[in-house]
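Below is the file model-v5.txt, which contains compact mmCIF, C-alpha atoms.
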```txt
# COMPACT_ATOMS: atom_id res chain seq x y z
CA MET A 1 -0.52 11.46 -78.88
CA THR A 2 -3.48 9.08 -78.49
CA ALA A 3 -3.86 10.20 -74.89
CA LEU A 4 -4.00 13.84 -75.95
CA SER A 5 -6.63 13.06 -78.61
CA VAL A 6 -8.77 11.20 -76.08
CA LEU A 7 -8.32 14.05 -73.60
CA ALA A 8 -9.40 16.61 -76.23
CA LYS A 9 -12.40 14.45 -77.19
CA ASP A 10 -13.57 14.04 -73.58
CA LEU A 11 -13.13 17.75 -72.84
CA LYS A 12 -15.11 18.62 -75.97
CA LEU A 13 -17.91 16.30 -74.87
CA HIS A 14 -17.96 17.99 -71.45
CA ALA A 15 -17.89 21.45 -73.00
CA ARG A 16 -20.96 20.63 -75.12
CA ASP A 17 -22.78 19.48 -72.00
CA ALA A 18 -23.02 22.87 -70.29
CA ARG A 19 -26.27 22.02 -68.53
CA PHE A 20 -24.64 19.08 -66.74
CA LEU A 21 -21.60 21.17 -65.77
CA ALA A 22 -23.89 23.82 -64.29
CA THR A 23 -25.82 21.12 -62.40
CA LEU A 24 -22.57 19.62 -61.10
CA ALA A 25 -21.36 23.05 -59.94
CA LEU A 26 -24.63 23.82 -58.16
CA PHE A 27 -24.78 20.34 -56.60
CA SER A 28 -21.24 20.62 -55.20
CA LEU A 29 -21.91 24.16 -53.93
CA SER A 30 -25.08 23.02 -52.20
CA LEU A 31 -23.07 20.24 -50.52
CA VAL A 32 -20.62 22.84 -49.16
CA LEU A 33 -23.53 24.97 -48.02
CA ILE A 34 -25.34 22.10 -46.28
CA LEU A 35 -22.21 20.97 -44.46
CA SER A 36 -21.24 24.48 -43.40
CA VAL A 37 -24.75 25.04 -42.03
CA ALA A 38 -24.55 21.67 -40.25
CA PHE A 39 -21.20 22.56 -38.63
CA GLY A 40 -22.06 26.24 -37.97
CA PRO A 41 -22.93 28.92 -37.35
CA LEU A 42 -20.21 28.89 -34.63
CA PHE A 43 -17.35 26.60 -35.61
CA ASP A 44 -15.38 24.62 -33.00
CA ASP A 45 -12.38 23.99 -35.24
CA PRO A 46 -12.94 25.92 -38.50
CA ALA A 47 -9.81 24.53 -40.24
CA LYS A 48 -10.86 20.96 -39.55
CA GLU A 49 -14.51 21.45 -40.45
CA ALA A 50 -13.67 23.43 -43.59
CA SER A 51 -11.19 20.85 -44.90
CA ALA A 52 -13.67 18.01 -44.22
CA THR A 53 -16.41 19.95 -46.01
CA LEU A 54 -14.23 20.80 -49.00
CA TRP A 55 -13.03 17.25 -49.64
CA ALA A 56 -16.32 15.52 -48.86
CA SER A 57 -18.18 17.81 -51.28
CA LEU A 58 -15.55 17.41 -53.96
CA PHE A 59 -15.34 13.63 -53.73
CA PHE A 60 -19.12 13.12 -53.65
CA ALA A 61 -19.79 15.47 -56.55
CA GLY A 62 -16.89 13.97 -58.51
CA VAL A 63 -18.68 10.62 -58.87
CA LEU A 64 -21.29 12.30 -61.05
CA GLY A 65 -18.54 13.65 -63.31
CA LEU A 66 -16.90 10.23 -63.64
CA THR A 67 -20.04 8.46 -64.78
CA ARG A 68 -21.22 11.36 -66.95
CA ALA A 69 -18.02 11.21 -69.02
CA LEU A 70 -18.74 7.57 -69.89
CA ASP A 71 -22.43 8.19 -70.53
CA LEU A 72 -21.55 10.95 -72.99
CA GLU A 73 -19.14 8.63 -74.75
CA SER A 74 -21.74 5.87 -75.01
CA GLU A 75 -24.37 8.30 -76.33
CA SER A 76 -22.04 9.63 -79.02
CA GLY A 77 -20.71 6.17 -79.95
CA GLY A 78 -17.19 7.43 -79.28
CA GLY A 79 -16.22 4.49 -77.09
CA GLU A 80 -16.97 1.93 -79.77
CA ALA A 81 -15.15 4.01 -82.40
CA LEU A 82 -12.17 4.35 -80.09
CA ARG A 83 -11.92 0.59 -79.63
CA LEU A 84 -12.10 0.03 -83.39
CA THR A 85 -9.05 2.25 -83.91
CA GLY A 86 -6.98 -0.27 -81.94
CA ALA A 87 -5.50 2.51 -79.81
CA ASP A 88 -3.21 1.55 -76.95
CA PRO A 89 -5.52 0.93 -73.94
CA PHE A 90 -3.27 2.72 -71.47
CA SER A 91 -3.16 5.81 -73.69
CA VAL A 92 -6.96 5.78 -73.79
CA TYR A 93 -7.02 5.42 -70.00
CA ALA A 94 -4.47 8.23 -69.56
CA GLY A 95 -6.52 10.58 -71.75
CA LYS A 96 -9.71 9.83 -69.86
CA ALA A 97 -8.02 10.13 -66.46
CA ALA A 98 -6.54 13.50 -67.50
CA ALA A 99 -9.99 14.73 -68.58
CA ASN A 100 -11.44 13.64 -65.23
CA LEU A 101 -8.54 15.33 -63.45
CA ILE A 102 -9.23 18.61 -65.25
CA LEU A 103 -12.94 18.41 -64.42
CA MET A 104 -12.14 17.75 -60.74
CA ALA A 105 -9.57 20.56 -60.71
CA ALA A 106 -12.21 22.97 -62.08
CA LEU A 107 -14.60 21.84 -59.36
CA PHE A 108 -11.86 22.31 -56.77
CA LEU A 109 -11.22 25.87 -58.00
CA LEU A 110 -14.91 26.60 -57.56
CA LEU A 111 -15.27 25.06 -54.10
CA LEU A 112 -12.01 26.25 -52.51
CA PRO A 113 -12.86 29.98 -52.32
CA CYS A 114 -16.45 29.22 -51.27
CA THR A 115 -15.25 26.99 -48.43
CA ALA A 116 -12.61 29.51 -47.39
CA VAL A 117 -15.21 32.29 -47.25
CA PHE A 118 -17.93 30.27 -45.50
CA PHE A 119 -15.56 29.03 -42.77
CA ASP A 120 -13.21 32.04 -42.76
CA VAL A 121 -10.06 29.95 -43.16
CA GLY A 122 -6.90 30.04 -45.28
CA SER A 123 -4.79 32.77 -46.79
CA LEU A 124 -3.04 33.37 -50.10
CA ASP A 125 0.30 32.30 -48.54
CA GLN A 126 -1.14 28.84 -47.95
CA LEU A 127 -2.49 28.52 -51.48
CA PRO A 128 0.56 26.74 -53.03
CA GLY A 129 0.48 24.15 -50.22
CA VAL A 130 -3.26 23.55 -50.64
CA ALA A 131 -2.77 23.30 -54.40
CA GLY A 132 -0.09 20.63 -53.82
CA VAL A 133 -2.45 18.65 -51.58
CA ALA A 134 -5.17 19.01 -54.20
CA ALA A 135 -2.81 17.71 -56.90
CA LEU A 136 -2.05 14.59 -54.85
CA ALA A 137 -5.69 13.96 -53.98
CA LEU A 138 -7.15 14.66 -57.42
CA ILE A 139 -4.54 12.64 -59.35
CA GLY A 140 -5.43 9.64 -57.18
CA TYR A 141 -9.14 10.36 -57.52
CA ALA A 142 -8.88 10.51 -61.31
CA ALA A 143 -6.62 7.42 -61.47
CA TRP A 144 -8.87 5.18 -59.35
CA GLY A 145 -12.10 6.82 -60.47
CA THR A 146 -11.41 6.29 -64.17
CA LEU A 147 -10.50 2.65 -63.54
CA PHE A 148 -13.64 1.91 -61.50
CA ALA A 149 -15.90 3.98 -63.76
CA ALA A 150 -14.78 1.85 -66.71
CA LEU A 151 -15.70 -1.26 -64.69
CA ALA A 152 -19.14 0.14 -63.84
CA ARG A 153 -19.83 1.37 -67.39
CA GLY A 154 -23.23 0.40 -68.71
CA LEU A 155 -24.48 -1.03 -65.41
CA LYS A 156 -27.81 -0.14 -63.85
CA ALA A 157 -27.38 2.08 -60.77
CA ARG A 158 -23.74 2.61 -61.78
CA GLU A 159 -23.33 5.75 -59.62
CA LEU A 160 -24.27 3.65 -56.61
CA LEU A 161 -22.02 0.73 -57.53
CA LEU A 162 -19.16 3.07 -58.37
CA SER A 163 -19.54 4.77 -54.99
CA ILE A 164 -19.42 1.44 -53.17
CA LEU A 165 -16.06 0.65 -54.76
CA LEU A 166 -14.58 4.12 -55.05
CA PHE A 167 -15.19 5.73 -51.67
CA PRO A 168 -13.69 2.97 -49.49
CA THR A 169 -10.70 2.74 -51.85
CA LEU A 170 -10.16 6.48 -51.69
CA ILE A 171 -10.20 6.66 -47.90
CA PRO A 172 -6.38 7.02 -47.62
CA LEU A 173 -6.52 9.91 -50.08
CA TRP A 174 -9.55 11.38 -48.36
CA ILE A 175 -8.06 11.29 -44.86
CA GLY A 176 -4.70 12.52 -46.16
CA ALA A 177 -6.26 15.47 -47.99
CA VAL A 178 -8.35 16.48 -44.96
CA LYS A 179 -5.45 16.18 -42.49
CA LEU A 180 -2.97 18.03 -44.70
CA THR A 181 -5.39 20.84 -45.60
CA ARG A 182 -6.44 21.20 -41.99
CA SER A 183 -2.81 21.38 -40.88
CA LEU A 184 -2.04 24.03 -43.52
CA TRP A 185 -5.05 26.17 -42.59
CA ALA A 186 -4.62 25.81 -38.82
CA ASP A 187 -0.82 25.80 -38.40
CA GLY A 188 0.50 26.95 -41.78
CA THR A 189 2.60 23.78 -42.16
CA ILE A 190 2.13 20.11 -42.96
CA ASP A 191 5.03 18.92 -40.77
CA PRO A 192 2.94 17.19 -38.06
CA VAL A 193 1.09 15.09 -40.65
CA SER A 194 3.68 14.89 -43.45
CA ASP A 195 3.54 11.05 -43.46
CA TRP A 196 0.23 11.38 -45.29
CA VAL A 197 2.04 12.78 -48.32
CA LYS A 198 3.84 9.43 -48.73
CA ILE A 199 0.59 7.50 -48.31
CA MET A 200 -1.14 9.68 -50.91
CA VAL A 201 1.74 9.32 -53.38
CA LEU A 202 1.62 5.55 -52.86
CA ALA A 203 -2.14 5.49 -53.50
CA ASP A 204 -1.67 7.57 -56.67
CA VAL A 205 1.11 5.36 -58.03
CA LEU A 206 -0.81 2.19 -57.18
CA GLY A 207 -3.93 3.42 -58.98
CA VAL A 208 -2.01 4.26 -62.15
CA ALA A 209 0.04 1.04 -62.02
CA LEU A 210 -3.05 -1.18 -61.64
CA ALA A 211 -4.78 0.69 -64.46
CA ALA A 212 -1.72 0.25 -66.69
CA TRP A 213 -1.96 -3.50 -66.13
CA LEU A 214 -5.72 -4.04 -66.09
CA TYR A 215 -7.35 -1.41 -68.30
CA GLU A 216 -6.92 -3.54 -71.43
CA THR A 217 -8.85 -6.38 -69.78
CA ILE A 218 -11.64 -3.97 -68.85
CA GLN A 219 -11.82 -2.71 -72.43
CA GLU A 220 -11.97 -6.28 -73.76
CA ALA A 221 -14.74 -7.07 -71.29
CA GLU A 222 -16.82 -4.23 -72.72
CA GLU A 223 -16.62 -5.64 -76.24
CA MET B 1 -5.74 -29.14 -61.51
CA THR B 2 -9.02 -27.45 -60.78
CA SER B 3 -11.00 -29.59 -63.15
CA GLY B 4 -10.02 -32.80 -61.37
CA TRP B 5 -9.72 -32.74 -57.64
CA LEU B 6 -11.34 -29.48 -56.67
CA GLY B 7 -15.02 -28.91 -57.15
CA LYS B 8 -16.23 -32.41 -56.33
CA SER B 9 -17.78 -32.94 -52.94
CA ARG B 10 -15.23 -34.44 -50.54
CA PRO B 11 -17.00 -35.63 -47.37
CA TYR B 12 -13.72 -36.53 -45.68
CA LEU B 13 -12.68 -32.86 -45.84
CA TRP B 14 -15.77 -31.99 -43.81
CA TRP B 15 -15.02 -34.78 -41.34
CA LEU B 16 -11.47 -33.49 -40.98
CA ALA B 17 -12.69 -29.90 -40.51
CA VAL B 18 -15.30 -30.95 -37.94
CA ALA B 19 -12.77 -33.10 -36.06
CA MET B 20 -10.31 -30.21 -35.94
CA LEU B 21 -13.00 -27.78 -34.83
CA LEU B 22 -13.95 -30.20 -32.03
CA CYS B 23 -10.27 -30.30 -30.99
CA SER B 24 -10.27 -26.52 -31.10
CA PHE B 25 -13.39 -26.27 -28.91
CA TRP B 26 -11.93 -28.80 -26.46
CA GLY B 27 -8.77 -26.65 -26.33
CA ILE B 28 -10.83 -23.49 -25.80
CA ALA B 29 -12.69 -25.13 -22.93
CA HIS B 30 -9.47 -26.24 -21.24
CA ALA B 31 -7.14 -23.33 -22.06
CA PRO B 32 -6.21 -21.18 -19.04
CA THR B 33 -8.51 -18.24 -18.37
CA GLU B 34 -6.79 -14.89 -18.76
CA ALA B 35 -6.46 -13.05 -15.44
CA GLN B 36 -7.78 -9.61 -16.42
CA MET B 37 -10.41 -10.28 -19.10
CA GLY B 38 -11.62 -13.63 -17.88
CA THR B 39 -13.65 -15.88 -20.17
CA VAL B 40 -14.18 -13.13 -22.77
CA GLN B 41 -10.51 -13.46 -23.74
CA LYS B 42 -11.36 -16.84 -25.28
CA ILE B 43 -13.02 -15.01 -28.15
CA ILE B 44 -9.49 -14.71 -29.50
CA TYR B 45 -9.61 -18.42 -30.44
CA ILE B 46 -12.45 -17.64 -32.85
CA HIS B 47 -11.54 -14.07 -33.82
CA VAL B 48 -7.93 -14.66 -34.91
CA PRO B 49 -8.55 -17.95 -36.79
CA SER B 50 -11.52 -16.48 -38.67
CA ALA B 51 -9.40 -13.43 -39.61
CA THR B 52 -6.63 -15.76 -40.81
CA ALA B 53 -9.13 -17.73 -42.89
CA ALA B 54 -10.60 -14.49 -44.31
CA TYR B 55 -7.20 -13.15 -45.38
CA THR B 56 -6.34 -16.58 -46.84
CA ALA B 57 -9.61 -16.62 -48.80
CA PHE B 58 -9.01 -13.16 -50.27
CA PHE B 59 -5.43 -14.12 -51.10
CA VAL B 60 -6.72 -17.18 -52.98
CA THR B 61 -9.16 -14.91 -54.83
CA PHE B 62 -6.26 -12.62 -55.71
CA VAL B 63 -4.05 -15.46 -56.98
CA ALA B 64 -6.88 -17.14 -58.91
CA SER B 65 -7.75 -13.79 -60.52
CA ILE B 66 -4.16 -13.24 -61.60
CA VAL B 67 -3.94 -16.76 -63.00
CA TYR B 68 -7.22 -16.17 -64.84
CA LEU B 69 -5.90 -12.94 -66.38
CA VAL B 70 -2.48 -14.26 -67.44
CA SER B 71 -3.28 -17.83 -68.44
CA GLY B 72 -5.79 -17.65 -71.25
CA LYS B 73 -8.80 -16.94 -69.05
CA GLY B 74 -9.73 -20.43 -67.89
CA ARG B 75 -13.18 -20.32 -66.34
CA ARG B 76 -12.07 -22.68 -63.54
CA TRP B 77 -9.94 -19.93 -62.01
CA ASP B 78 -12.85 -17.52 -62.06
CA GLN B 79 -14.87 -20.14 -60.20
CA VAL B 80 -12.11 -20.52 -57.61
CA ALA B 81 -11.89 -16.73 -57.22
CA VAL B 82 -15.59 -16.12 -56.67
CA SER B 83 -16.03 -19.16 -54.42
CA SER B 84 -13.11 -18.19 -52.21
CA CYS B 85 -14.26 -14.57 -52.06
CA GLU B 86 -17.71 -15.58 -50.89
CA ILE B 87 -16.30 -17.73 -48.09
CA GLY B 88 -13.92 -14.89 -47.21
CA MET B 89 -16.93 -12.60 -46.76
CA VAL B 90 -18.47 -15.07 -44.28
CA PHE B 91 -15.26 -15.37 -42.26
CA SER B 92 -14.87 -11.57 -42.33
CA ALA B 93 -18.39 -11.22 -40.96
CA VAL B 94 -17.42 -13.53 -38.09
CA VAL B 95 -14.41 -11.29 -37.43
CA LEU B 96 -16.57 -8.16 -37.50
CA VAL B 97 -19.02 -9.67 -35.01
CA SER B 98 -16.49 -11.27 -32.65
CA GLY B 99 -14.24 -8.18 -32.66
CA PRO B 100 -16.72 -5.80 -30.98
CA LEU B 101 -17.56 -8.48 -28.38
CA TRP B 102 -13.87 -8.53 -27.48
CA ALA B 103 -13.55 -4.73 -27.75
CA ARG B 104 -16.39 -4.12 -25.32
CA SER B 105 -14.54 -6.03 -22.64
CA ALA B 106 -10.96 -5.03 -23.52
CA TRP B 107 -11.36 -1.40 -24.59
CA ASN B 108 -14.73 -0.56 -22.99
CA THR B 109 -16.34 0.21 -26.36
CA TRP B 110 -18.07 -1.81 -29.05
CA TRP B 111 -16.34 0.05 -31.84
CA THR B 112 -13.45 2.45 -32.17
CA TRP B 113 -12.01 4.03 -35.30
CA GLU B 114 -8.58 2.51 -34.99
CA PRO B 115 -6.61 1.44 -38.11
CA ARG B 116 -7.20 -2.33 -38.10
CA LEU B 117 -10.92 -2.14 -37.36
CA THR B 118 -11.49 0.62 -39.90
CA SER B 119 -9.44 -0.94 -42.67
CA PHE B 120 -11.02 -4.37 -42.09
CA LEU B 121 -14.53 -2.90 -42.37
CA ILE B 122 -13.49 -1.06 -45.56
CA MET B 123 -12.14 -4.34 -46.96
CA TRP B 124 -15.42 -6.11 -46.18
CA ILE B 125 -17.48 -3.39 -47.87
CA LEU B 126 -15.21 -3.47 -50.93
CA TYR B 127 -15.50 -7.24 -51.32
CA GLY B 128 -19.27 -6.80 -50.96
CA GLY B 129 -18.96 -4.50 -53.98
CA TYR B 130 -17.21 -7.37 -55.82
CA PHE B 131 -20.43 -9.39 -55.69
CA LEU B 132 -22.68 -6.45 -56.54
CA ILE B 133 -20.65 -5.61 -59.63
CA ARG B 134 -20.32 -9.28 -60.59
CA SER B 135 -24.05 -9.78 -60.46
CA SER B 136 -24.70 -6.57 -62.42
CA VAL B 137 -22.42 -7.01 -65.44
CA SER B 138 -23.42 -9.01 -68.49
CA PRO B 139 -22.50 -12.74 -68.46
CA GLY B 140 -20.04 -12.17 -71.30
CA SER B 141 -17.85 -9.79 -69.33
CA ARG B 142 -18.53 -11.12 -65.83
CA ARG B 143 -15.34 -13.15 -65.51
CA ASP B 144 -13.01 -10.45 -66.81
CA VAL B 145 -14.53 -7.75 -64.59
CA SER B 146 -14.45 -10.04 -61.55
CA ALA B 147 -10.79 -10.91 -62.16
CA VAL B 148 -9.85 -7.24 -62.36
CA LEU B 149 -11.70 -6.61 -59.09
CA GLY B 150 -10.13 -9.68 -57.47
CA VAL B 151 -6.72 -8.16 -58.12
CA VAL B 152 -7.52 -4.51 -57.34
CA LEU B 153 -9.44 -5.16 -54.12
CA PHE B 154 -6.63 -7.22 -52.65
CA VAL B 155 -4.88 -3.90 -52.02
CA SER B 156 -7.45 -3.32 -49.25
CA ALA B 157 -6.59 -6.71 -47.68
CA ILE B 158 -2.88 -5.82 -47.69
CA VAL B 159 -3.60 -2.43 -46.13
CA SER B 160 -5.79 -4.06 -43.49
CA TYR B 161 -3.22 -6.76 -42.70
CA LEU B 162 -0.31 -4.31 -42.40
CA SER B 163 -2.27 -1.50 -40.73
CA VAL B 164 -1.09 -2.51 -37.26
CA ALA B 165 2.54 -2.09 -38.32
CA TRP B 166 1.97 1.01 -40.46
CA TRP B 167 -0.07 3.23 -38.16
CA ARG B 168 0.83 4.39 -34.70
CA GLY B 169 -1.90 4.18 -32.12
CA SER B 170 -3.38 0.87 -33.22
CA LEU B 171 -5.09 -0.92 -30.35
CA HIS B 172 -4.38 -4.29 -31.97
CA PRO B 173 -1.09 -5.64 -30.59
CA ARG B 174 1.76 -6.54 -32.97
CA SER B 175 2.50 -9.62 -30.84
CA VAL B 176 0.96 -11.14 -27.73
CA THR B 177 2.40 -13.04 -24.79
CA MET B 178 0.63 -16.35 -24.17
CA THR B 179 1.10 -19.45 -22.11
CA PRO B 180 2.08 -22.58 -24.12
CA GLU B 181 -1.46 -23.99 -23.63
CA MET B 182 -3.02 -20.81 -24.99
CA ARG B 183 -0.63 -20.73 -27.95
CA MET B 184 -1.33 -24.41 -28.73
CA THR B 185 -5.09 -23.83 -28.60
CA LEU B 186 -4.78 -20.83 -30.90
CA THR B 187 -2.62 -22.80 -33.36
CA ILE B 188 -5.09 -25.71 -33.44
CA SER B 189 -7.97 -23.28 -33.89
CA ILE B 190 -6.25 -21.56 -36.83
CA PHE B 191 -5.65 -24.90 -38.58
CA ALA B 192 -9.21 -26.01 -37.80
CA TRP B 193 -10.69 -22.89 -39.41
CA LEU B 194 -8.37 -23.24 -42.39
CA ALA B 195 -9.52 -26.85 -42.80
CA PHE B 196 -13.09 -25.58 -42.62
CA TYR B 197 -12.22 -23.01 -45.30
CA VAL B 198 -10.80 -25.68 -47.64
CA ALA B 199 -13.85 -27.93 -47.17
CA ALA B 200 -16.22 -25.01 -47.80
CA LEU B 201 -14.22 -23.90 -50.85
CA VAL B 202 -14.40 -27.33 -52.48
CA GLU B 203 -18.13 -27.54 -51.76
CA ARG B 204 -18.77 -24.01 -53.03
CA LEU B 205 -16.78 -24.73 -56.20
CA GLY B 206 -19.04 -27.66 -56.94
CA LEU B 207 -22.08 -25.42 -56.49
CA GLU B 208 -20.62 -22.75 -58.76
CA ARG B 209 -20.00 -25.29 -61.51
CA THR B 210 -23.50 -26.67 -61.22
CA ARG B 211 -24.91 -23.12 -61.35
CA GLU B 212 -22.91 -22.31 -64.49
CA ARG B 213 -23.98 -25.57 -66.16
CA ILE B 214 -27.63 -24.82 -65.48
CA GLU B 215 -27.21 -21.26 -66.78
CA GLU B 216 -25.59 -22.54 -69.98
CA GLN B 217 -28.36 -25.08 -70.54
CA ALA B 218 -30.98 -22.41 -69.98
CA ARG B 219 -29.47 -20.17 -72.68
```
Whole structure given in structure tokens:
Amino acid sequence: MTALSVLAKDLKLHARDARFLATLALFSLSLVLILSVAFGPLFDDPAKEASATLWASLFFAGVLGLTRALDLESESGGGEALRLTGADPFSVYAGKAAANLILMAALFLLLLPCTAVFFDVGSLDQLPGVAGVAALALIGYAAWGTLFAALARGLKARELLLSILLFPTLIPLWIGAVKLTRSLWADGTIDPVSDWVKIMVLADVLGVALAAWLYETIQEAEE
Amino acid sequence: MTSGWLGKSRPYLWWLAVAMLLCSFWGIAHAPTEAQMGTVQKIIYIHVPSATAAYTAFFVTFVASIVYLVSGKGRRWDQVAVSSCEIGMVFSAVVLVSGPLWARSAWNTWWTWEPRLTSFLIMWILYGGYFLIRSSVSPGSRRDVSAVLGVVLFVSAIVSYLSVAWWRGSLHPRSVTMTPEMRMTLTISIFAWLAFYVAALVERLGLERTRERIEEQAR
């Protein structure tokens, strides 16, 4: 229940911040554009280049969303109020991670068709598979991202510090997402690289488990 | 434990470390030269021990961070964690410099994106982030945030350590065949670098305590 309330609160804050959402959308689209121009106009391996472009754009743009959610909370005083309620820290974390997941999923839905069109890859048959890969990657991104964003809250140059911690940690998810998407777009199956599914699931579970243990300490540190 | 023995300068630890390092260098000078790689192979007596010391240092950071989190947040454990992490960074840097020197001769390239090299570099960058975050947060929350990072970042050390077993195509061997003299030299070198790590940790702990005392007096 607490998690749902936190999720609703964070989504409301995002919804009120339409200018930021528009900026985030344009920023991520420009990343896709820049990378597709850099790889093109004639692509050597369109499936590979498209999957790399999609996930690089999504992960880079996502950092802005992670820090913005916390900035909005600080500006509105919601974080302090939330701590005063004595809500279960993991429920707070789960609500925030779910809000970040939804924001990333929205970004993914925007970038996927653009990437597919720019690189001329993918088909509707492959969509469920790509959606599955996205679920694995974005759950991990939200799990680790929410944890690290809470650590970097209130710091100067927090986007930079968050990136230093987040991107290296997410490399297993990043490589897995690129390899699986590429395999789906090029061969229509993930069989040759299916081991990456296990690695991504492990990264997701680890992120959530560490947050379950440590998020309370991070909240206490903020007080 | 940490308030008594650790943290005070122990000159005999340095003497022991230096003596063991001298033994190690003597062993390196007299160990048989490998037939194919020649003298360059002897980098292994620096590369492997420094990697062992780096992993040990990050493991100590991990354990000290856990103890800090579960045992009433004693500041001594935070001091152990940060001191060990800093020394781990130095040993990791030695690994990252000696590795390419070896790779150039063994694999004909300074750097290749194979699992151990890549994961070790990622680990080094992440632990660099530990210090950046630690120095950025307010003094009140510094220890808690560092302890969380000390636990979370150890995942990267585990991934790096096990990468050779986990991923196919790693150029790092799972085991190596050595002559008894080579194996003895490597063993002595590993213990020498670990002794050096312990001496440096005790010294660094003393510095950390002095730094905290000065900071408290300044407030």
Contact set, chain B to chain A: 8 Å, only C-alpha atoms, as JSON, numbers by chain: {"B": [69, 122, 123, 125, 126, 129, 132, 133, 136, 137, 140, 141, 142, 144, 145, 148, 152, 156]}
Length of the CA of Met184 (chain B) to CA of Ala19 (chain B) vector [Å]: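 For CA of Met184 (chain B) relative to CA of Ala19 (chain B), the distance reads 16.1 Å.
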Length of the CA of Ser57 (chain A) to CA of Leu109 (chain A) vector [Å]: 12.6 Å
Residue contacts of Ala3 (chain A) (7 Å, all atoms listed in the file) excluding same-chain residues fewer than 3 positions away, as a ChimeraX atom specification: /A:6-7,91-92,94-95
From B:Ser50, B:Gln217, B:Thr210, B:Thr177, residue lying nearest Ile87 (chain B) [only C-alpha atoms]: B:Ser50
B:Val151, B:Arg213, B:Thr185, B:Pro49 ranked by distance to Ile28 (chain B), top pick (using all atoms listed in the file):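 Looking at the shortest contact to Ile28 (chain B), the residue is B:Thr185.
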Coordinates-based distance that separates CA of Gly88 (chain B) from CA of Ala54 (chain B) (Å, one decimal): 4.4 Å
Long-range neighbours of region 119-125 of chain A as a list in words, 6 Å cut-off, all atoms listed in the file, 4 positions minimum in chain: Pro46, Ala50 and Trp185 of chain A
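The smallest atom-to-atom distance between Asp10 (chain A) and any of A:Gly188, A:Pro41, A:Gly62, A:Gly79, using all atoms listed in the file, is found for A:Gly79.
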For region 97-111 of chain B: contacts at 10 Å, only C-alpha atoms, fewer than 6 positions along chain excluded, given as an MDAnalysis selection string: chainID B and resid 36:38 40:44 46:48 50:51 91 117:118 171
Which residue of B:Thr187, B:Thr112, B:Gln79, B:Ser119 approaches Arg209 (chain B) most closely, using all atoms listed in the file: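 When distances to Arg209 (chain B) are compared using all atoms listed in the file, the smallest one comes from B:Gln79.
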Nearest residue to Val63 (chain B) from the set B:Val95, B:Ala147, B:Ile188, B:Cys23 (distances using only C-alpha atoms): B:Ala147
